[in-house]
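To be precise, the following lines are my_file.cif, and they hold mmCIF, C-alpha atoms.
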data_coords
loop_
_atom_site.group_PDB
_atom_site.id
_atom_site.type_symbol
_atom_site.label_atom_id
_atom_site.label_comp_id
_atom_site.auth_asym_id
_atom_site.auth_seq_id
_atom_site.Cartn_x
_atom_site.Cartn_y
_atom_site.Cartn_z
ATOM 1 C CA MET A 4 48.942 126.296 56.443
ATOM 2 C CA GLN A 5 46.122 123.801 56.902
ATOM 3 C CA LEU A 6 43.638 122.211 54.565
ATOM 4 C CA ALA A 7 40.089 122.837 55.789
ATOM 5 C CA ARG A 8 36.423 122.660 54.926
ATOM 6 C CA VAL A 9 34.245 125.745 55.369
ATOM 7 C CA ILE A 10 31.432 124.478 57.572
ATOM 8 C CA GLY A 11 29.612 127.665 58.472
ATOM 9 C CA THR A 12 29.466 131.422 58.728
ATOM 10 C CA VAL A 13 29.611 133.842 61.646
ATOM 11 C CA VAL A 14 27.697 137.092 61.897
ATOM 12 C CA ALA A 15 29.067 139.680 64.319
ATOM 13 C CA THR A 16 27.608 143.169 64.233
ATOM 14 C CA VAL A 17 29.802 144.660 66.923
ATOM 15 C CA LYS A 18 33.441 144.092 66.031
ATOM 16 C CA ASN A 19 36.792 145.754 65.461
ATOM 17 C CA ASP A 20 36.575 148.419 62.742
ATOM 18 C CA ALA A 21 39.193 146.656 60.618
ATOM 19 C CA LEU A 22 36.939 143.602 60.464
ATOM 20 C CA ARG A 23 34.024 145.552 58.978
ATOM 21 C CA HIS A 24 32.852 144.126 55.637
ATOM 22 C CA ARG A 25 35.020 141.056 56.182
ATOM 23 C CA LYS A 26 33.447 137.623 55.877
ATOM 24 C CA LEU A 27 33.872 135.409 58.928
ATOM 25 C CA LEU A 28 33.691 131.684 58.224
ATOM 26 C CA ILE A 29 33.967 128.595 60.392
ATOM 27 C CA VAL A 30 36.648 126.221 59.131
ATOM 28 C CA GLN A 31 37.239 122.615 60.149
ATOM 29 C CA SER A 32 40.835 121.579 59.466
ATOM 30 C CA LEU A 33 41.299 118.266 57.663
ATOM 31 C CA ASN A 34 43.944 115.582 57.488
ATOM 32 C CA LYS A 35 45.265 113.869 54.362
ATOM 33 C CA ASP A 36 42.122 111.729 54.079
ATOM 34 C CA LEU A 37 40.002 114.886 54.287
ATOM 35 C CA ALA A 38 38.750 113.779 57.707
ATOM 36 C CA PRO A 39 38.442 116.345 60.535
ATOM 37 C CA GLN A 40 41.634 117.174 62.444
ATOM 38 C CA GLY A 41 41.342 119.335 65.560
ATOM 39 C CA LYS A 42 38.611 121.767 66.528
ATOM 40 C CA PRO A 43 36.778 124.194 64.206
ATOM 41 C CA LEU A 44 38.083 127.782 64.081
ATOM 42 C CA VAL A 45 36.727 131.123 62.931
ATOM 43 C CA ALA A 46 38.634 132.475 59.920
ATOM 44 C CA VAL A 47 38.586 135.783 58.072
ATOM 45 C CA ASP A 48 38.109 135.229 54.343
ATOM 46 C CA ALA A 49 40.670 136.622 51.881
ATOM 47 C CA ALA A 50 39.857 134.332 48.955
ATOM 48 C CA GLY A 51 36.120 134.636 48.356
ATOM 49 C CA ALA A 52 35.314 131.245 49.870
ATOM 50 C CA GLY A 53 31.868 129.912 50.713
ATOM 51 C CA VAL A 54 30.273 127.210 52.850
ATOM 52 C CA GLY A 55 31.138 123.669 51.728
ATOM 53 C CA GLU A 56 34.313 124.609 49.887
ATOM 54 C CA LEU A 57 37.707 123.034 50.459
ATOM 55 C CA VAL A 58 40.173 125.800 51.344
ATOM 56 C CA PHE A 59 43.504 126.385 52.995
ATOM 57 C CA TRP A 60 44.191 128.872 55.739
ATOM 58 C CA CYS A 61 47.190 130.629 57.230
ATOM 59 C CA ARG A 62 47.805 131.001 60.958
ATOM 60 C CA GLY A 63 49.511 133.592 63.141
ATOM 61 C CA LYS A 64 50.639 137.123 62.394
ATOM 62 C CA GLU A 65 50.904 136.327 58.691
ATOM 63 C CA ALA A 66 47.126 135.875 58.606
ATOM 64 C CA SER A 67 46.708 139.665 58.633
ATOM 65 C CA PHE A 68 49.029 140.235 55.647
ATOM 66 C CA PRO A 69 46.336 140.068 52.923
ATOM 67 C CA PHE A 70 44.637 143.007 54.661
ATOM 68 C CA LYS A 71 45.846 146.261 56.175
ATOM 69 C CA ARG A 72 48.295 144.331 58.233
ATOM 70 C CA GLU A 73 48.946 146.449 61.322
ATOM 71 C CA ASP A 74 45.246 147.016 61.903
ATOM 72 C CA THR A 75 43.518 143.739 61.168
ATOM 73 C CA PRO A 76 43.170 141.507 64.230
ATOM 74 C CA THR A 77 43.181 137.951 62.835
ATOM 75 C CA ASP A 78 45.237 134.846 63.428
ATOM 76 C CA CYS A 79 43.397 132.624 60.936
ATOM 77 C CA THR A 80 42.734 133.693 57.332
ATOM 78 C CA ILE A 81 41.522 131.749 54.297
ATOM 79 C CA ILE A 82 44.177 132.210 51.613
ATOM 80 C CA GLY A 83 43.113 129.886 48.791
ATOM 81 C CA ILE A 84 40.302 127.696 47.494
ATOM 82 C CA VAL A 85 41.215 124.160 46.408
ATOM 83 C CA ASP A 86 39.685 123.492 42.984
ATOM 84 C CA SER A 87 37.967 120.265 44.145
ATOM 85 C CA ASP A 88 38.466 117.313 46.504
ATOM 86 C CA GLU A 89 40.133 115.497 43.597
ATOM 87 C CA HIS A 90 42.739 118.265 43.361
ATOM 88 C CA VAL A 91 44.346 117.042 46.584
ATOM 89 C CA SER A 92 46.883 114.500 45.345
ATOM 90 C CA ARG A 93 48.562 112.190 47.834
ATOM 91 C CA LEU A 94 50.492 108.972 48.132
ATOM 92 C CA MET B 14 61.456 123.331 62.193
ATOM 93 C CA ILE B 15 59.482 120.136 61.917
ATOM 94 C CA LEU B 16 60.190 116.938 60.046
ATOM 95 C CA ALA B 17 57.545 115.835 57.564
ATOM 96 C CA LYS B 18 56.907 113.512 54.671
ATOM 97 C CA VAL B 19 55.613 114.975 51.410
ATOM 98 C CA LEU B 20 52.369 113.219 50.431
ATOM 99 C CA GLY B 21 51.324 115.273 47.420
ATOM 100 C CA ASN B 22 50.097 118.706 46.552
ATOM 101 C CA VAL B 23 46.899 120.711 46.297
ATOM 102 C CA VAL B 24 45.721 122.678 43.274
ATOM 103 C CA ALA B 25 44.043 126.012 43.909
ATOM 104 C CA THR B 26 43.266 128.379 41.058
ATOM 105 C CA GLN B 27 41.794 131.061 43.289
ATOM 106 C CA LYS B 28 44.389 132.026 45.882
ATOM 107 C CA ASN B 29 46.333 134.914 47.336
ATOM 108 C CA HIS B 30 48.448 136.477 44.550
ATOM 109 C CA ARG B 31 51.669 135.900 46.470
ATOM 110 C CA TYR B 32 51.121 132.137 46.040
ATOM 111 C CA GLU B 33 51.338 132.301 42.256
ATOM 112 C CA ASN B 34 54.005 130.033 40.715
ATOM 113 C CA ALA B 35 54.428 128.262 44.047
ATOM 114 C CA ARG B 36 53.575 124.655 44.830
ATOM 115 C CA VAL B 37 51.419 124.000 47.878
ATOM 116 C CA MET B 38 52.518 120.633 49.242
ATOM 117 C CA LEU B 39 50.470 118.288 51.428
ATOM 118 C CA CYS B 40 52.758 116.952 54.167
ATOM 119 C CA GLU B 41 52.424 114.738 57.216
ATOM 120 C CA GLN B 42 54.484 115.471 60.312
ATOM 121 C CA MET B 43 57.057 112.807 61.296
ATOM 122 C CA THR B 44 58.996 111.842 64.387
ATOM 123 C CA PRO B 45 62.811 111.725 64.160
ATOM 124 C CA GLU B 46 62.428 107.927 64.254
ATOM 125 C CA GLY B 47 60.575 108.109 60.932
ATOM 126 C CA GLU B 48 57.050 107.403 62.111
ATOM 127 C CA THR B 49 54.280 109.611 60.772
ATOM 128 C CA THR B 50 52.172 111.312 63.435
ATOM 129 C CA GLY B 51 48.949 111.609 61.448
ATOM 130 C CA HIS B 52 49.036 115.420 61.661
ATOM 131 C CA THR B 53 48.684 116.888 58.173
ATOM 132 C CA VAL B 54 50.022 120.336 57.241
ATOM 133 C CA LEU B 55 50.376 122.358 54.056
ATOM 134 C CA ALA B 56 53.654 124.065 53.169
ATOM 135 C CA LEU B 57 54.961 126.046 50.211
ATOM 136 C CA ASP B 58 57.788 124.313 48.408
ATOM 137 C CA ALA B 59 61.019 126.329 48.272
ATOM 138 C CA VAL B 60 63.478 123.532 47.398
ATOM 139 C CA ASP B 61 61.802 121.415 44.680
ATOM 140 C CA ALA B 62 60.847 118.630 47.074
ATOM 141 C CA GLY B 63 59.129 115.573 45.631
ATOM 142 C CA VAL B 64 56.408 113.207 46.776
ATOM 143 C CA GLY B 65 57.802 110.721 49.308
ATOM 144 C CA ASP B 66 60.668 112.977 50.421
ATOM 145 C CA THR B 67 61.367 113.625 54.085
ATOM 146 C CA VAL B 68 61.612 117.390 54.431
ATOM 147 C CA LEU B 69 62.263 120.206 56.878
ATOM 148 C CA ILE B 70 59.376 122.632 57.273
ATOM 149 C CA VAL B 71 59.867 126.036 58.861
ATOM 150 C CA GLN B 72 56.720 127.305 60.597
ATOM 151 C CA GLU B 73 57.548 130.973 61.003
ATOM 152 C CA GLY B 74 56.208 133.624 58.691
ATOM 153 C CA TRP B 75 59.245 135.747 57.824
ATOM 154 C CA SER B 76 61.418 132.748 57.011
ATOM 155 C CA ALA B 77 58.667 130.926 55.140
ATOM 156 C CA SER B 78 57.707 133.926 53.046
ATOM 157 C CA THR B 79 61.307 134.866 52.230
ATOM 158 C CA THR B 80 62.402 131.381 51.210
ATOM 159 C CA ALA B 81 59.266 130.512 49.234
ATOM 160 C CA THR B 82 58.637 133.805 47.419
ATOM 161 C CA GLY B 83 61.920 135.721 47.732
ATOM 162 C CA LYS B 84 60.243 138.493 49.704
ATOM 163 C CA ALA B 85 58.929 138.900 53.230
ATOM 164 C CA GLY B 86 55.392 139.936 54.016
ATOM 165 C CA ALA B 87 53.285 137.261 52.318
ATOM 166 C CA ALA B 88 50.489 135.389 54.054
ATOM 167 C CA ILE B 89 52.558 132.215 54.310
ATOM 168 C CA ASP B 90 53.223 130.449 57.618
ATOM 169 C CA SER B 91 55.011 127.277 56.484
ATOM 170 C CA ALA B 92 57.641 126.506 53.852
ATOM 171 C CA ILE B 93 59.723 123.476 52.939
ATOM 172 C CA VAL B 94 63.321 124.618 53.357
ATOM 173 C CA GLY B 95 65.247 121.348 53.049
ATOM 174 C CA VAL B 96 65.135 117.746 51.896
ATOM 175 C CA VAL B 97 66.458 115.383 54.568
ATOM 176 C CA ASP B 98 69.043 112.832 53.449
ATOM 177 C CA ARG B 99 69.472 111.056 56.774
ATOM 178 C CA ILE B 100 68.866 111.376 60.493
ATOM 179 C CA ASP B 101 71.216 109.931 63.086
ATOM 180 C CA LEU B 102 69.767 109.418 66.551
ATOM 181 C CA LEU B 103 71.053 108.185 69.872
ATOM 182 C CA GLU B 104 69.517 104.918 70.975
ATOM 183 C CA ALA B 105 66.327 105.619 72.928
ATOM 184 C CA ASP B 106 67.711 104.240 76.212
ATOM 185 C CA THR B 107 70.882 106.393 76.110
ATOM 186 C CA ARG B 108 69.249 109.815 75.733
ATOM 187 C CA GLN B 109 68.997 110.792 79.406
#

I'd like the structure from this file rewritten - as structure tokens, please.
Amino acid sequence: MQLARVIGTVVATVKNDALRHRKLLIVQSLNKDLAPQGKPLVAVDAAGAGVGELVFWCRGKEASFPFKREDTPTDCTIIGIVDSDEHVSRL
Amino acid sequence: MILAKVLGNVVATQKNHRYENARVMLCEQMTPEGETTGHTVLALDAVDAGVGDTVLIVQEGWSASTTATGKAGAAIDSAIVGVVDRIDLLEADTRQ
């Protein structure tokens, strides 16, 4: 899983049926200092996240498990919302 | 599996229900020599790892989900499956 900031939304009218009514968000993964790490990705939302929130996301096949798993084509899904930036404790 | 150092954890009240009662740990990937790489990952704790520990993280869904929650099929891609006591390495110039 990766810590990330939701930095935007994606609107796609024509898409796979299993993605209908799903929220597509752009996430920028972060490192331990909450600075950007890698390139932004498009994620399907399974946690009710919104723009600006600190979240974590799951990659790979497991990303489709919160949904109807055989049908949902996603490799990046938002799984949880971190309560606030201060709720990331580190050394 | 990757080697990583546990830096802390993250608190999320709103999360996938399969994550309940699990600790989400903030970890930084390490080289076998013990240097951190700067790449930060999150992993579910399955072995009661603590902050500062060097740990083994499995990055495969079935294994991660089974070890961290007791059941396969959760949206989990990484889990801490061991706490490293020591690493023995060949000297760098004798590895060819």

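Taking only C-alpha atoms, the non-local environment of Ser32 of chain A within 9 Å (same-chain residues fewer than 3 positions away omitted) comprises Gln5, Leu6, Ala7, Arg8, Val9, Leu37, Ala38, Pro39, Gln40, Gly41, Lys42, Pro43, Leu44, Phe59 and Trp60 of chain A.
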
Evaluated on this file, the PyMOL selection byres ((chain B) within 7 of (chain A)) picks out some residues - which ones are they, written as a PDB file with C-alpha atoms, keeping the file's coordinate frame?
ATOM      1  CA  LEU B  20      52.369 113.219  50.431  1.00  0.00           C
ATOM      2  CA  GLY B  21      51.324 115.273  47.420  1.00  0.00           C
ATOM      3  CA  ASN B  22      50.097 118.706  46.552  1.00  0.00           C
ATOM      4  CA  VAL B  23      46.899 120.711  46.297  1.00  0.00           C
ATOM      5  CA  VAL B  24      45.721 122.678  43.274  1.00  0.00           C
ATOM      6  CA  ALA B  25      44.043 126.012  43.909  1.00  0.00           C
ATOM      7  CA  THR B  26      43.266 128.379  41.058  1.00  0.00           C
ATOM      8  CA  GLN B  27      41.794 131.061  43.289  1.00  0.00           C
ATOM      9  CA  LYS B  28      44.389 132.026  45.882  1.00  0.00           C
ATOM     10  CA  ASN B  29      46.333 134.914  47.336  1.00  0.00           C
ATOM     11  CA  HIS B  52      49.036 115.420  61.661  1.00  0.00           C
ATOM     12  CA  THR B  53      48.684 116.888  58.173  1.00  0.00           C
ATOM     13  CA  VAL B  54      50.022 120.336  57.241  1.00  0.00           C
ATOM     14  CA  LEU B  55      50.376 122.358  54.056  1.00  0.00           C
ATOM     15  CA  ALA B  56      53.654 124.065  53.169  1.00  0.00           C
ATOM     16  CA  GLY B  74      56.208 133.624  58.691  1.00  0.00           C
ATOM     17  CA  GLY B  86      55.392 139.936  54.016  1.00  0.00           C
ATOM     18  CA  ALA B  87      53.285 137.261  52.318  1.00  0.00           C
ATOM     19  CA  ALA B  88      50.489 135.389  54.054  1.00  0.00           C
ATOM     20  CA  ILE B  89      52.558 132.215  54.310  1.00  0.00           C
ATOM     21  CA  ASP B  90      53.223 130.449  57.618  1.00  0.00           C
ATOM     22  CA  SER B  91      55.011 127.277  56.484  1.00  0.00           C
TER      23      SER B  91
END

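Distance-wise, atom CA of Arg25 of chain A and atom CA of Glu73 of chain A end up 15.8 Å apart.
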
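Here the PyMOL selection byres ((chain A and resi 23) around 12) captures the residues A:Val14, A:Ala15, A:Thr16, A:Val17, A:Lys18, A:Asn19, A:Asp20, A:Ala21, A:Leu22, A:His24, A:Arg25, A:Lys26, A:Leu27, A:Val47, A:Phe70, A:Asp74, A:Thr75, A:Pro76.
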
Write out the residues from the selection above, keeping C-alpha atoms, as a compact mmCIF listing (two decimals), in the frame of the given file.
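Output file result-v4.txt follows:
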# COMPACT_ATOMS: atom_id res chain seq x y z
CA VAL A 14 27.70 137.09 61.90
CA ALA A 15 29.07 139.68 64.32
CA THR A 16 27.61 143.17 64.23
CA VAL A 17 29.80 144.66 66.92
CA LYS A 18 33.44 144.09 66.03
CA ASN A 19 36.79 145.75 65.46
CA ASP A 20 36.58 148.42 62.74
CA ALA A 21 39.19 146.66 60.62
CA LEU A 22 36.94 143.60 60.46
CA HIS A 24 32.85 144.13 55.64
CA ARG A 25 35.02 141.06 56.18
CA LYS A 26 33.45 137.62 55.88
CA LEU A 27 33.87 135.41 58.93
CA VAL A 47 38.59 135.78 58.07
CA PHE A 70 44.64 143.01 54.66
CA ASP A 74 45.25 147.02 61.90
CA THR A 75 43.52 143.74 61.17
CA PRO A 76 43.17 141.51 64.23

Excluding segment 99-106 of chain B and any residue of its chain fewer than 3 positions from it, enumerate the residues within 12 Å of it, using only C-alpha atoms, and give them as a ChimeraX atom specification. /B:16,43-47,66-69,95-96,109
